[in-house]
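The block underneath contains the structure these notes are about, expressed in structure tokens.
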Amino acid sequence: MGDKKAVALELLARLARKSPDELREDMELVGDLGLDSPRALELLIELEESLGVEIDDSAAGGLNTVGDVLGLVDSLA
Amino acid sequence: MSATALRFRLEDLGLAAVEARIMGRPHERARSLGRRIGAVGWSLAKGRRRLALDNLAHVFPEHEAVERERIARECFRHFGSAFAEFLSSLRFDADEVDRRFDVEGWEHVESALARDHGLLILGGHFGHHEVAPLLFGRRLEGAYLLARLPSNPRAAERVHRRWARFGNKVVHRVGGSHRIWRVLKDRGVAAINVDQRMKAGTGGIPAPFLGRPALSTPVPAYLSLRSGAPAVPVSCVAVEGGRYLVRFGPPILPSGEGDEAVAALTERYLEAIGREVRARPELWFWLHRRWAMD
């Protein structure tokens, strides 16, 4: 797994108070991980800061699952 | 046409009729017309009336019932006038904004901006908060307004047209927090109302507001802590002659980290709004379930 994906998984796990091993790509951010909108904002900001990138607002709006987040960070330059 | 589309259309026709009546008269007349609309609301909206009285009984148990009823009645009239004056404000050009708005505490805005971490302007559903963004835009060459627009797209367009002036940009509250983060990171200015109710399960944190725990948004405090942006509380109240007094308070600086710091800062924001409400309770929006925990 790439570094960026590993960073994203660590962040997701911390915000969801789970271990990275417990996360699956089909898990929903809200329904399964309990990431409400303030936590989702935290996720985006932490990703931007950790990876040194800017995440487009429209891309951020389409994140529903763990897989979506991993796909997004994979696509970031 | 669906029932919702029909409802939206009828609502907009009503708004257009009120707007036409208001815009055909001097701005000063909007206040008295709006107060009459509010008085009708008091007579017709019995559920809201009960809700307002119930909220007031919890926050001001020391007041006599007759005094709480006076506050509630005045609240209806006030929000009628706020609605009418907001519609009327579309006519304000830059000179008229300069003429109609008196400002106190501008030095607090300047000292906050001098920190060079951006600025959060913290408002509440108090006074004539809907017209205050015109002053922000005029004095700050534009601010980003994080707001929940009406679900009726035609009504939302009317609101947007009034706020998106003098360099202001309206950011929809749903999904807009990330945009505000970017604004603060770029050392810009964002205005947010912090006293809005959050439903259970949407990330609200219980914070004391007017002496009772209320689910409140942690987002402004989080953004301040992450960006370093100071927060300056603001209020806008009507004064004689169709004019307004906008008052800025001392900056609230972010300190600490983590969820505890977010909770402490949120509490300080609500205290600042709460002080204004206790001083002029009739100017706050008592007509909603602010303390509901569901």
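Identifiers in this document derive from the order of the structure tokens: chains are assigned A, B, ..., residues are numbered from 1 separately in each chain, and ligands are numbered from 1 in order of occurrence.
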
- Item | 12 Å contacts from chain B to chain A using only C-alpha atoms, as a PyMOL selection string | chain B and resi 171-182+185+198-205+216-223+225-227+258-259+262

- Query: Can you tell me, as a list in words, what residues are no more than 7 Å from Leu287 (chain B) when counting only C-alpha atoms, ignoring any on the same chain fewer than 4 positions away?
  - Reply: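 In the requested format, the answer is Arg48, Leu51 and Ala52 of chain B.
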
- Tell me, which residues of region 107-234 of chain B carry DSSP strand (DSSP E or B), written as a VMD selection string? chain B and resid 119 to 123 126 144 to 147 169 to 172 189 to 193 205 to 209 212 to 216 231 to 234

- Can you list, as an NGL selection string, every protein, DNA or RNA residue that comes within 12 Å of Ser75 (chain A) when you count only C-alpha atoms, leaving out same-chain residues fewer than 6 positions away? :A and (2 or 4-5 or 53-56 or 59 or 68-69)

Would you mind exporting C-alpha atoms of the selected residues as a CSV table (one decimal), in the first residue's frame?
chain,number,residue,atom,x,y,z
A,2,GLY,CA,1.3,3.5,-0.8
A,4,LYS,CA,-0.5,8.3,1.1
A,5,LYS,CA,-3.1,5.5,1.6
A,53,VAL,CA,-2.0,18.9,-0.9
A,54,GLU,CA,-5.3,20.9,-1.4
A,55,ILE,CA,-8.4,18.9,-1.7
A,56,ASP,CA,-11.0,20.3,-4.0
A,59,ALA,CA,-14.1,16.1,-4.5
A,68,ASP,CA,-13.6,6.8,-1.7
A,69,VAL,CA,-11.0,8.4,0.7

- Query: Quick one: residues within 9 Å of region 17-29 of chain A, only C-alpha atoms counted, chain neighbours fewer than 2 positions away excluded, as a VMD selection string?
  - Reply: chain A and resid 6 9 to 15 31 to 36 40 63 to 70

Selection from above, N, CA, C and O atoms, as a PDB file, in the first residue's frame, can you write it?
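What landed in out-v1.pdb:
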ATOM      1  N   ALA A   6      -1.667   4.818   3.424  1.00  0.00           N
ATOM      2  CA  ALA A   6      -1.409   4.438   4.821  1.00  0.00           C
ATOM      3  C   ALA A   6      -1.690   5.606   5.756  1.00  0.00           C
ATOM      4  O   ALA A   6      -2.291   5.440   6.822  1.00  0.00           O
ATOM      5  N   LEU A   9      -5.432   5.939   6.044  1.00  0.00           N
ATOM      6  CA  LEU A   9      -6.007   4.896   6.905  1.00  0.00           C
ATOM      7  C   LEU A   9      -5.753   5.176   8.379  1.00  0.00           C
ATOM      8  O   LEU A   9      -6.630   4.989   9.218  1.00  0.00           O
ATOM      9  N   GLU A  10      -4.552   5.641   8.681  1.00  0.00           N
ATOM     10  CA  GLU A  10      -4.226   5.985  10.076  1.00  0.00           C
ATOM     11  C   GLU A  10      -5.164   7.084  10.583  1.00  0.00           C
ATOM     12  O   GLU A  10      -5.670   7.019  11.700  1.00  0.00           O
ATOM     13  N   LEU A  11      -5.352   8.097   9.732  1.00  0.00           N
ATOM     14  CA  LEU A  11      -6.223   9.213  10.125  1.00  0.00           C
ATOM     15  C   LEU A  11      -7.656   8.743  10.337  1.00  0.00           C
ATOM     16  O   LEU A  11      -8.302   9.079  11.333  1.00  0.00           O
ATOM     17  N   LEU A  12      -8.139   7.967   9.380  1.00  0.00           N
ATOM     18  CA  LEU A  12      -9.514   7.460   9.487  1.00  0.00           C
ATOM     19  C   LEU A  12      -9.685   6.652  10.769  1.00  0.00           C
ATOM     20  O   LEU A  12     -10.681   6.793  11.479  1.00  0.00           O
ATOM     21  N   ALA A  13      -8.709   5.825  11.043  1.00  0.00           N
ATOM     22  CA  ALA A  13      -8.792   4.965  12.218  1.00  0.00           C
ATOM     23  C   ALA A  13      -8.791   5.798  13.498  1.00  0.00           C
ATOM     24  O   ALA A  13      -9.560   5.555  14.419  1.00  0.00           O
ATOM     25  N   ARG A  14      -7.937   6.817  13.521  1.00  0.00           N
ATOM     26  CA  ARG A  14      -7.874   7.654  14.728  1.00  0.00           C
ATOM     27  C   ARG A  14      -9.191   8.393  14.951  1.00  0.00           C
ATOM     28  O   ARG A  14      -9.721   8.430  16.064  1.00  0.00           O
ATOM     29  N   LEU A  15      -9.713   8.974  13.875  1.00  0.00           N
ATOM     30  CA  LEU A  15     -10.956   9.744  14.015  1.00  0.00           C
ATOM     31  C   LEU A  15     -12.137   8.845  14.373  1.00  0.00           C
ATOM     32  O   LEU A  15     -13.051   9.251  15.078  1.00  0.00           O
ATOM     33  N   GLY A  31     -22.128   6.134   8.421  1.00  0.00           N
ATOM     34  CA  GLY A  31     -22.882   5.026   9.002  1.00  0.00           C
ATOM     35  C   GLY A  31     -22.025   4.049   9.797  1.00  0.00           C
ATOM     36  O   GLY A  31     -22.410   3.624  10.889  1.00  0.00           O
ATOM     37  N   ASP A  32     -20.842   3.698   9.264  1.00  0.00           N
ATOM     38  CA  ASP A  32     -20.018   2.675   9.925  1.00  0.00           C
ATOM     39  C   ASP A  32     -18.951   3.263  10.848  1.00  0.00           C
ATOM     40  O   ASP A  32     -18.610   2.668  11.867  1.00  0.00           O
ATOM     41  N   LEU A  33     -18.395   4.405  10.473  1.00  0.00           N
ATOM     42  CA  LEU A  33     -17.298   4.971  11.273  1.00  0.00           C
ATOM     43  C   LEU A  33     -17.751   6.124  12.166  1.00  0.00           C
ATOM     44  O   LEU A  33     -16.978   6.616  12.987  1.00  0.00           O
ATOM     45  N   GLY A  34     -18.974   6.568  11.987  1.00  0.00           N
ATOM     46  CA  GLY A  34     -19.492   7.642  12.854  1.00  0.00           C
ATOM     47  C   GLY A  34     -18.818   8.987  12.622  1.00  0.00           C
ATOM     48  O   GLY A  34     -18.752   9.815  13.532  1.00  0.00           O
ATOM     49  N   LEU A  35     -18.317   9.196  11.400  1.00  0.00           N
ATOM     50  CA  LEU A  35     -17.666  10.487  11.129  1.00  0.00           C
ATOM     51  C   LEU A  35     -18.732  11.517  10.757  1.00  0.00           C
ATOM     52  O   LEU A  35     -19.151  11.608   9.611  1.00  0.00           O
ATOM     53  N   ASP A  36     -19.182  12.298  11.751  1.00  0.00           N
ATOM     54  CA  ASP A  36     -20.152  13.353  11.474  1.00  0.00           C
ATOM     55  C   ASP A  36     -19.436  14.494  10.750  1.00  0.00           C
ATOM     56  O   ASP A  36     -18.230  14.435  10.510  1.00  0.00           O
ATOM     57  N   ALA A  40     -15.559  14.889   9.693  1.00  0.00           N
ATOM     58  CA  ALA A  40     -15.203  14.824   8.277  1.00  0.00           C
ATOM     59  C   ALA A  40     -14.354  16.028   7.885  1.00  0.00           C
ATOM     60  O   ALA A  40     -13.391  15.904   7.110  1.00  0.00           O
ATOM     61  N   LEU A  63     -17.135  12.069  -0.934  1.00  0.00           N
ATOM     62  CA  LEU A  63     -16.533  11.013  -0.115  1.00  0.00           C
ATOM     63  C   LEU A  63     -17.588  10.354   0.776  1.00  0.00           C
ATOM     64  O   LEU A  63     -18.108  10.981   1.694  1.00  0.00           O
ATOM     65  N   ASN A  64     -17.897   9.093   0.483  1.00  0.00           N
ATOM     66  CA  ASN A  64     -18.893   8.384   1.291  1.00  0.00           C
ATOM     67  C   ASN A  64     -18.312   7.174   2.016  1.00  0.00           C
ATOM     68  O   ASN A  64     -18.829   6.774   3.063  1.00  0.00           O
ATOM     69  N   THR A  65     -17.293   6.570   1.446  1.00  0.00           N
ATOM     70  CA  THR A  65     -16.745   5.344   2.027  1.00  0.00           C
ATOM     71  C   THR A  65     -15.232   5.463   2.240  1.00  0.00           C
ATOM     72  O   THR A  65     -14.588   6.388   1.720  1.00  0.00           O
ATOM     73  N   VAL A  66     -14.696   4.505   2.983  1.00  0.00           N
ATOM     74  CA  VAL A  66     -13.240   4.434   3.181  1.00  0.00           C
ATOM     75  C   VAL A  66     -12.556   4.335   1.814  1.00  0.00           C
ATOM     76  O   VAL A  66     -11.543   4.993   1.551  1.00  0.00           O
ATOM     77  N   GLY A  67     -13.140   3.532   0.926  1.00  0.00           N
ATOM     78  CA  GLY A  67     -12.575   3.374  -0.414  1.00  0.00           C
ATOM     79  C   GLY A  67     -12.532   4.688  -1.180  1.00  0.00           C
ATOM     80  O   GLY A  67     -11.567   4.950  -1.911  1.00  0.00           O
ATOM     81  N   ASP A  68     -13.569   5.521  -1.005  1.00  0.00           N
ATOM     82  CA  ASP A  68     -13.576   6.829  -1.678  1.00  0.00           C
ATOM     83  C   ASP A  68     -12.398   7.669  -1.203  1.00  0.00           C
ATOM     84  O   ASP A  68     -11.748   8.361  -1.995  1.00  0.00           O
ATOM     85  N   VAL A  69     -12.126   7.638   0.113  1.00  0.00           N
ATOM     86  CA  VAL A  69     -11.021   8.439   0.667  1.00  0.00           C
ATOM     87  C   VAL A  69      -9.689   7.930   0.109  1.00  0.00           C
ATOM     88  O   VAL A  69      -8.838   8.715  -0.327  1.00  0.00           O
ATOM     89  N   LEU A  70      -9.540   6.594   0.098  1.00  0.00           N
ATOM     90  CA  LEU A  70      -8.282   6.022  -0.409  1.00  0.00           C
ATOM     91  C   LEU A  70      -8.111   6.340  -1.898  1.00  0.00           C
ATOM     92  O   LEU A  70      -7.008   6.652  -2.362  1.00  0.00           O
TER      93      LEU A  70
END

- Item | Selection: 10 Å around Ala72 (chain B), only C-alpha atoms, excl. self and same-chain fewer than 6 positions, as a VMD selection string | chain B and resid 42 48 to 56 66 78 281 to 287

- Query: Which neighbours of region 34-41 of chain B fall inside 7 Å, counting only C-alpha atoms, when residues of the same chain fewer than 3 positions from it are skipped, and could you give them as a ChimeraX atom specification?
  - Reply: /B:30-31,44-45,76-81,83-84

Include C-alpha atoms and write out the residues we just selected as a compact mmCIF listing (two decimals), in the first residue's frame.
# COMPACT_ATOMS: atom_id res chain seq x y z
CA ALA B 30 -40.08 48.72 6.41
CA ARG B 31 -39.60 48.55 10.16
CA LEU B 44 -51.64 33.06 14.16
CA ALA B 45 -48.59 30.95 15.04
CA PHE B 76 -42.38 38.25 17.04
CA ARG B 77 -42.60 41.95 16.13
CA HIS B 78 -38.83 42.25 16.06
CA PHE B 79 -38.35 39.34 13.68
CA GLY B 80 -41.12 40.74 11.47
CA SER B 81 -39.16 43.96 11.24
CA PHE B 83 -37.42 40.21 7.80
CA ALA B 84 -38.88 43.35 6.20

- Message: Restricting the calculation to only C-alpha atoms: of B:Gly47, B:Gly256, B:Gly123, B:Gly274, which residue gets closest to Gly211 (chain B)?
- Response: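 Using only C-alpha atoms, Gly211 (chain B) sits closest to B:Gly274.
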
- Item | Computed interatomic separation between CA of Ala5 (chain B) and CA of Ala155 (chain B) (Å) | 12.4 Å

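Atom to atom, CA of Val170 (chain B) and CA of Gly249 (chain B) stand 23.3 Å apart.
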
- Using only C-alpha atoms, which of B:Ser88, B:Ser151, B:Gln196, B:Ser43 sits nearest Ala292 (chain B)? B:Gln196

- Task: Could you jot down the CA of Leu253 (chain B) to CA of Ala114 (chain B) separation for me, Å, one decimal place?
- Result: 12.8 Å

- Residue set, region 177-278 of chain B restricted to helix (DSSP H, G or I), as a ChimeraX atom specification: /B:177-185,219-227,258-278

- Task: Quick one: everything within 12 Å of Arg268 (chain B), counting only C-alpha atoms, minus sequence neighbours fewer than 2 positions away in the same chain. Send it as a PyMOL selection string.
- Result: chain B and resi 122+194-195+207-210+218+220-221+231-233+250-255+261-266+270-275

Can I get the selection written as a short mmCIF file (atom, residue, chain, number, x, y, z; two decimals), in the first residue's frame, with C-alpha atoms?
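File written: part-v8.cif
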data_model
loop_
_atom_site.label_atom_id
_atom_site.label_comp_id
_atom_site.auth_asym_id
_atom_site.auth_seq_id
_atom_site.Cartn_x
_atom_site.Cartn_y
_atom_site.Cartn_z
CA LEU B 122 -19.13 35.40 15.29
CA VAL B 194 -22.69 30.10 16.25
CA ASP B 195 -25.94 29.77 18.18
CA ALA B 207 -22.41 23.43 25.46
CA PRO B 208 -24.12 25.75 27.93
CA PHE B 209 -26.15 28.44 26.24
CA LEU B 210 -28.12 30.83 28.46
CA PRO B 218 -17.91 22.79 17.28
CA PRO B 220 -16.01 27.54 14.38
CA ALA B 221 -13.88 26.69 17.42
CA ALA B 231 -12.89 35.29 16.67
CA VAL B 232 -14.62 38.62 17.12
CA PRO B 233 -18.22 38.56 18.36
CA PRO B 250 -12.87 41.93 22.06
CA PRO B 251 -11.23 39.08 20.12
CA ILE B 252 -11.52 35.56 21.52
CA LEU B 253 -8.17 33.91 20.89
CA PRO B 254 -7.72 30.19 20.29
CA SER B 255 -5.72 28.27 22.86
CA ALA B 261 -10.08 23.04 23.71
CA VAL B 262 -12.84 22.96 21.08
CA ALA B 263 -15.48 22.59 23.80
CA ALA B 264 -13.99 25.38 25.92
CA LEU B 265 -13.78 27.77 22.98
CA THR B 266 -17.32 26.95 21.85
CA LEU B 270 -21.86 31.09 23.29
CA GLU B 271 -21.19 33.15 26.40
CA ALA B 272 -20.46 36.17 24.21
CA ILE B 273 -23.76 35.74 22.32
CA GLY B 274 -25.59 34.94 25.56
CA ARG B 275 -24.52 38.24 27.15
#
